[in-house]
Number of protein chains: 6
Amino acid sequence: MPIVRIELFPGRPTEVKHELAREITATLERVAGIKPSATTVVFIEVEPTDWIVGGEPFARQR
Amino acid sequence: MPIVRIELFPGRPTEVKHELAREITATLERVAGIKPSATTVVFIEVEPTDWIVGGEPFARQR
Amino acid sequence: MPIVRIELFPGRPTEVKHELAREITATLERVAGIKPSATTVVFIEVEPTDWIVGGEPFARQR
Amino acid sequence: MPIVRIELFPGRPTEVKHELAREITATLERVAGIKPSATTVVFIEVEPTDWIVGGEPFARQR
Amino acid sequence: MPIVRIELFPGRPTEVKHELAREITATLERVAGIKPSATTVVFIEVEPTDWIVGGEPFARQR
Amino acid sequence: MPIVRIELFPGRPTEVKHELAREITATLERVAGIKPSATTVVFIEVEPTDWIVGGEPFARQR
C-alpha cells in the first residue's frame, strides 16, 4: 500500500522507468517487508522549464 | 474546501469526468454536509505506461 | 487504477470517511465502468489554519 | 527545503511562470528566512475541463 | 484557480504561514493577473526526518 | 531533480525509512544516471483508516 510518486523530467525511455519501478518495488520488499503487489509506482513528468530551484529555472542552470 | 484529486488513465470522455465530479460533489454534500461550492475536483491523467503495480507496468497486465 | 486523494479538514468521524470512500468507489464503477478493486481512496487531513483562500486563513473566514 | 507545487491552467507564458517562481522564492526568504537555494517551485498544468468547482466544470463557469 | 501546495518543515508560527500565503496570493495577482479569491494556498508539514536529499536525511545534514 | 514522494502507513522505524531513501537514491543513479544530490525523497504517512481500497478500509482487510 505504499504509493510511490516520482516527479522527473520527460525523456527517460519507458524501459528505464519500468526498471526503476521494479527496483524500487524490490527495495520496499527487501528493506521494509512490503509485498510487491502492494506497491504502486506512478511517474509524473515535469518540463525543465516548469521546475525552478533557487529562483532559477532548471533549464537555464545547466 | 475539500480538494479531490483523481489520478486516472487518459481516454475518458469529458462528459464522463464531469459526471464523476458532479456525483462526487453531491456525495460530499449528502454524506458529510459539505456545501457543493466548497468542493474542488481535479483530474490528473497518467499514462498506463507510467503506472506500475507490483513491479509490472499496468499496460502489460491486461 | 484511479487514485482518489481527498484533502479535507480534520474532525470527520471515521465512519463518514469510509462511507464517502465507498460511495465514490461505487460512483467510479457506475459512471466510468471501473471495477471497485482498482480504486484507492486516500484521505489527507489539513488543519483550517494551514488552508488559505484569497489570502485569508480559512479559520478566520467562518 | 520547501517544495512549492502550483497547479494552474495552461497558457501562461514561460516568463510569467519564472517571474512567479522568483518572487515566491524571494518571499520565502524575506518572510520565513529560507535561503533561496533551498526552495523548489514546480508548475503542474491542469486543463480547465479537468477542473471542477461546485460540480461545475471551470470552462463552463466563465 | 491555482492551488499552491507548500511542503515545509513544521515549526513556523501560524502568522508566518499566513503572511506567506497573503504575499503569494498577491504575487499571483500582480504577476499573472489572477484574482485573489481564486487562489488557494495549502501548507503540508513534513518532519525533517522524513525528508531526504542526496540519500542523507535532512536532520543529519545540519 | 526527481522528487520521490512515498505515501505509506505510519510505524516504520526512522532507520528503515532512511535506508529506503538511500537505496532509492542509489537506484536512480545506477539505472537512470541521476546524481544523488539531485534526488529528494519525502515520506508522507497515512493512517490505515484513511486508506481505502475497493471500498474497504485497509485496516479491516487484514
# chains A, B, ... in the order shown; residues from 1 in each chain; ligands from 1
>>> residues_around(residues="Met1 of chain F", least_positions_apart="5", cutoff="9 Å", atoms="only C-alpha atoms", output="list in words")
Glu7, Leu8, Phe9, Trp51 and Phe58 of chain A; Ile34, Lys35, Ser37, Ala38, Thr39 and Thr40 of chain F
>>> select_by_dssp(residues="chain F", states="alpha helix (DSSP H)", output="VMD selection string")
chain F and resid 14 to 32 58 to 61
>>> calpha_fit_and_write(fixed="chain D", moving="chain F", output="compact mmCIF listing (two decimals) with N, CA and C atoms, in the first residue's frame")
# COMPACT_ATOMS: atom_id res chain seq x y z
N MET F 1 14.23 23.96 1.58
CA MET F 1 13.58 22.68 1.60
C MET F 1 12.09 22.79 1.48
N PRO F 2 11.57 23.98 1.31
CA PRO F 2 10.17 23.86 0.91
C PRO F 2 10.10 23.43 -0.55
N ILE F 3 9.08 22.66 -0.84
CA ILE F 3 8.70 22.40 -2.22
C ILE F 3 7.36 23.09 -2.43
N VAL F 4 7.30 23.98 -3.43
CA VAL F 4 6.08 24.72 -3.74
C VAL F 4 5.54 24.17 -5.06
N ARG F 5 4.37 23.56 -4.99
CA ARG F 5 3.78 22.94 -6.19
C ARG F 5 2.54 23.76 -6.58
N ILE F 6 2.56 24.29 -7.79
CA ILE F 6 1.48 25.19 -8.22
C ILE F 6 0.71 24.55 -9.36
N GLU F 7 -0.55 24.22 -9.09
CA GLU F 7 -1.42 23.71 -10.15
C GLU F 7 -2.19 24.88 -10.73
N LEU F 8 -2.09 25.03 -12.03
CA LEU F 8 -2.80 26.17 -12.67
C LEU F 8 -3.17 25.80 -14.10
N PHE F 9 -3.96 26.65 -14.71
CA PHE F 9 -4.37 26.39 -16.09
C PHE F 9 -3.17 26.58 -17.03
N PRO F 10 -3.13 25.86 -18.14
CA PRO F 10 -2.07 26.07 -19.12
C PRO F 10 -2.23 27.44 -19.79
N GLY F 11 -1.18 27.87 -20.45
CA GLY F 11 -1.28 29.06 -21.25
C GLY F 11 -0.52 30.27 -20.71
N ARG F 12 -0.02 30.18 -19.49
CA ARG F 12 0.82 31.27 -19.01
C ARG F 12 2.16 31.21 -19.74
N PRO F 13 2.65 32.35 -20.19
CA PRO F 13 3.99 32.36 -20.81
C PRO F 13 5.05 31.89 -19.82
N THR F 14 6.09 31.28 -20.36
CA THR F 14 7.18 30.79 -19.52
C THR F 14 7.74 31.90 -18.64
N GLU F 15 7.86 33.10 -19.18
CA GLU F 15 8.45 34.19 -18.39
C GLU F 15 7.58 34.53 -17.18
N VAL F 16 6.27 34.43 -17.36
CA VAL F 16 5.39 34.70 -16.23
C VAL F 16 5.59 33.65 -15.13
N LYS F 17 5.69 32.38 -15.53
CA LYS F 17 5.91 31.34 -14.53
C LYS F 17 7.26 31.53 -13.82
N HIS F 18 8.27 31.90 -14.59
CA HIS F 18 9.59 32.09 -13.97
C HIS F 18 9.57 33.29 -13.02
N GLU F 19 8.87 34.35 -13.43
CA GLU F 19 8.75 35.52 -12.55
C GLU F 19 8.01 35.15 -11.26
N LEU F 20 6.94 34.37 -11.40
CA LEU F 20 6.23 33.91 -10.20
C LEU F 20 7.16 33.12 -9.28
N ALA F 21 7.94 32.22 -9.86
CA ALA F 21 8.83 31.39 -9.05
C ALA F 21 9.88 32.24 -8.34
N ARG F 22 10.42 33.21 -9.06
CA ARG F 22 11.43 34.09 -8.44
C ARG F 22 10.83 34.86 -7.28
N GLU F 23 9.64 35.40 -7.47
CA GLU F 23 9.01 36.21 -6.43
C GLU F 23 8.64 35.35 -5.21
N ILE F 24 8.14 34.17 -5.48
CA ILE F 24 7.75 33.30 -4.36
C ILE F 24 8.99 32.86 -3.58
N THR F 25 10.07 32.58 -4.30
CA THR F 25 11.33 32.22 -3.64
C THR F 25 11.83 33.37 -2.77
N ALA F 26 11.71 34.60 -3.30
CA ALA F 26 12.13 35.77 -2.53
C ALA F 26 11.22 35.99 -1.31
N THR F 27 9.94 35.73 -1.48
CA THR F 27 9.01 35.87 -0.34
C THR F 27 9.34 34.89 0.76
N LEU F 28 9.65 33.66 0.39
CA LEU F 28 10.00 32.66 1.40
C LEU F 28 11.26 33.06 2.16
N GLU F 29 12.18 33.74 1.47
CA GLU F 29 13.38 34.21 2.16
C GLU F 29 13.04 35.38 3.09
N ARG F 30 12.30 36.35 2.56
CA ARG F 30 12.03 37.56 3.35
C ARG F 30 11.14 37.28 4.56
N VAL F 31 10.10 36.47 4.34
CA VAL F 31 9.13 36.26 5.42
C VAL F 31 9.53 35.14 6.37
N ALA F 32 10.18 34.10 5.84
CA ALA F 32 10.43 32.93 6.69
C ALA F 32 11.91 32.61 6.84
N GLY F 33 12.79 33.44 6.24
CA GLY F 33 14.22 33.24 6.43
C GLY F 33 14.78 32.01 5.72
N ILE F 34 14.08 31.55 4.67
CA ILE F 34 14.54 30.35 3.96
C ILE F 34 15.48 30.76 2.84
N LYS F 35 16.67 30.21 2.82
CA LYS F 35 17.62 30.63 1.78
C LYS F 35 17.14 30.15 0.41
N PRO F 36 17.28 31.02 -0.60
CA PRO F 36 16.70 30.73 -1.93
C PRO F 36 17.09 29.36 -2.49
N SER F 37 18.33 28.94 -2.31
CA SER F 37 18.74 27.68 -2.93
C SER F 37 17.98 26.48 -2.36
N ALA F 38 17.30 26.66 -1.23
CA ALA F 38 16.55 25.56 -0.63
C ALA F 38 15.13 25.42 -1.18
N THR F 39 14.69 26.40 -1.95
CA THR F 39 13.31 26.40 -2.42
C THR F 39 13.19 25.83 -3.84
N THR F 40 12.30 24.88 -4.00
CA THR F 40 11.97 24.34 -5.31
C THR F 40 10.52 24.71 -5.65
N VAL F 41 10.32 25.25 -6.85
CA VAL F 41 8.97 25.56 -7.31
C VAL F 41 8.68 24.69 -8.54
N VAL F 42 7.54 24.01 -8.54
CA VAL F 42 7.16 23.15 -9.66
C VAL F 42 5.76 23.57 -10.13
N PHE F 43 5.62 23.76 -11.44
CA PHE F 43 4.30 24.07 -12.00
C PHE F 43 3.69 22.82 -12.63
N ILE F 44 2.44 22.58 -12.31
CA ILE F 44 1.69 21.47 -12.90
C ILE F 44 0.49 22.08 -13.61
N GLU F 45 0.41 21.89 -14.91
CA GLU F 45 -0.71 22.49 -15.64
C GLU F 45 -1.90 21.54 -15.71
N VAL F 46 -3.08 22.09 -15.44
CA VAL F 46 -4.32 21.30 -15.46
C VAL F 46 -5.30 22.00 -16.39
N GLU F 47 -5.84 21.26 -17.35
CA GLU F 47 -6.81 21.82 -18.29
C GLU F 47 -8.08 22.30 -17.58
N PRO F 48 -8.65 23.42 -18.03
CA PRO F 48 -9.89 23.90 -17.39
C PRO F 48 -11.00 22.85 -17.40
N THR F 49 -10.95 21.97 -18.38
CA THR F 49 -11.99 20.95 -18.45
C THR F 49 -11.79 19.86 -17.39
N ASP F 50 -10.58 19.82 -16.82
CA ASP F 50 -10.29 18.81 -15.78
C ASP F 50 -10.37 19.41 -14.38
N TRP F 51 -10.98 20.59 -14.28
CA TRP F 51 -10.99 21.33 -13.01
C TRP F 51 -12.43 21.74 -12.74
N ILE F 52 -13.03 21.13 -11.71
CA ILE F 52 -14.45 21.32 -11.48
C ILE F 52 -14.68 21.87 -10.06
N VAL F 53 -15.36 22.99 -9.97
CA VAL F 53 -15.66 23.58 -8.67
C VAL F 53 -17.17 23.62 -8.48
N GLY F 54 -17.63 23.12 -7.35
CA GLY F 54 -19.06 23.13 -7.07
C GLY F 54 -19.85 22.29 -8.07
N GLY F 55 -19.20 21.30 -8.66
CA GLY F 55 -19.87 20.42 -9.59
C GLY F 55 -19.96 20.97 -11.01
N GLU F 56 -19.43 22.19 -11.19
CA GLU F 56 -19.47 22.82 -12.51
C GLU F 56 -18.06 22.91 -13.09
N PRO F 57 -17.84 22.36 -14.29
CA PRO F 57 -16.52 22.49 -14.93
C PRO F 57 -16.14 23.96 -15.02
N PHE F 58 -14.90 24.24 -14.73
CA PHE F 58 -14.46 25.63 -14.71
C PHE F 58 -14.69 26.31 -16.06
N ALA F 59 -14.42 25.57 -17.12
CA ALA F 59 -14.56 26.13 -18.48
C ALA F 59 -15.93 26.75 -18.68
N ARG F 60 -16.95 26.08 -18.11
CA ARG F 60 -18.31 26.54 -18.33
C ARG F 60 -18.70 27.70 -17.43
N GLN F 61 -17.91 27.94 -16.38
CA GLN F 61 -18.30 28.97 -15.40
C GLN F 61 -18.01 30.39 -15.88
N ARG F 62 -17.14 30.49 -16.85
CA ARG F 62 -16.78 31.86 -17.26
C ARG F 62 -17.60 32.32 -18.45
>>> select_by_dssp(residues="chain E", states="strand (DSSP E or B)", output="PyMOL selection string")
chain E and resi 3-8+40-45+51-53+56-57
>>> write_last_selection(atoms="C-alpha atoms", output="JSON list (two decimals), in the first residue's frame")
[["chain", "number", "residue", "atom", "x", "y", "z"],
["E", 3, "ILE", "CA", -3.79, 25.67, -5.93],
["E", 4, "VAL", "CA", -0.46, 26.35, -4.24],
["E", 5, "ARG", "CA", 0.71, 23.47, -2.06],
["E", 6, "ILE", "CA", 3.74, 24.17, 0.14],
["E", 7, "GLU", "CA", 5.58, 21.30, 1.79],
["E", 8, "LEU", "CA", 7.85, 22.55, 4.54],
["E", 40, "THR", "CA", -5.89, 28.53, -2.56],
["E", 41, "VAL", "CA", -2.73, 28.00, -0.52],
["E", 42, "VAL", "CA", -2.28, 24.80, 1.49],
["E", 43, "PHE", "CA", 0.60, 24.03, 3.85],
["E", 44, "ILE", "CA", 1.72, 20.43, 4.36],
["E", 45, "GLU", "CA", 4.24, 19.92, 7.15],
["E", 51, "TRP", "CA", 12.89, 14.47, 4.11],
["E", 52, "ILE", "CA", 16.00, 13.03, 2.50],
["E", 53, "VAL", "CA", 18.19, 14.79, -0.08],
["E", 56, "GLU", "CA", 21.11, 11.93, 3.56],
["E", 57, "PRO", "CA", 18.29, 12.72, 6.00]]
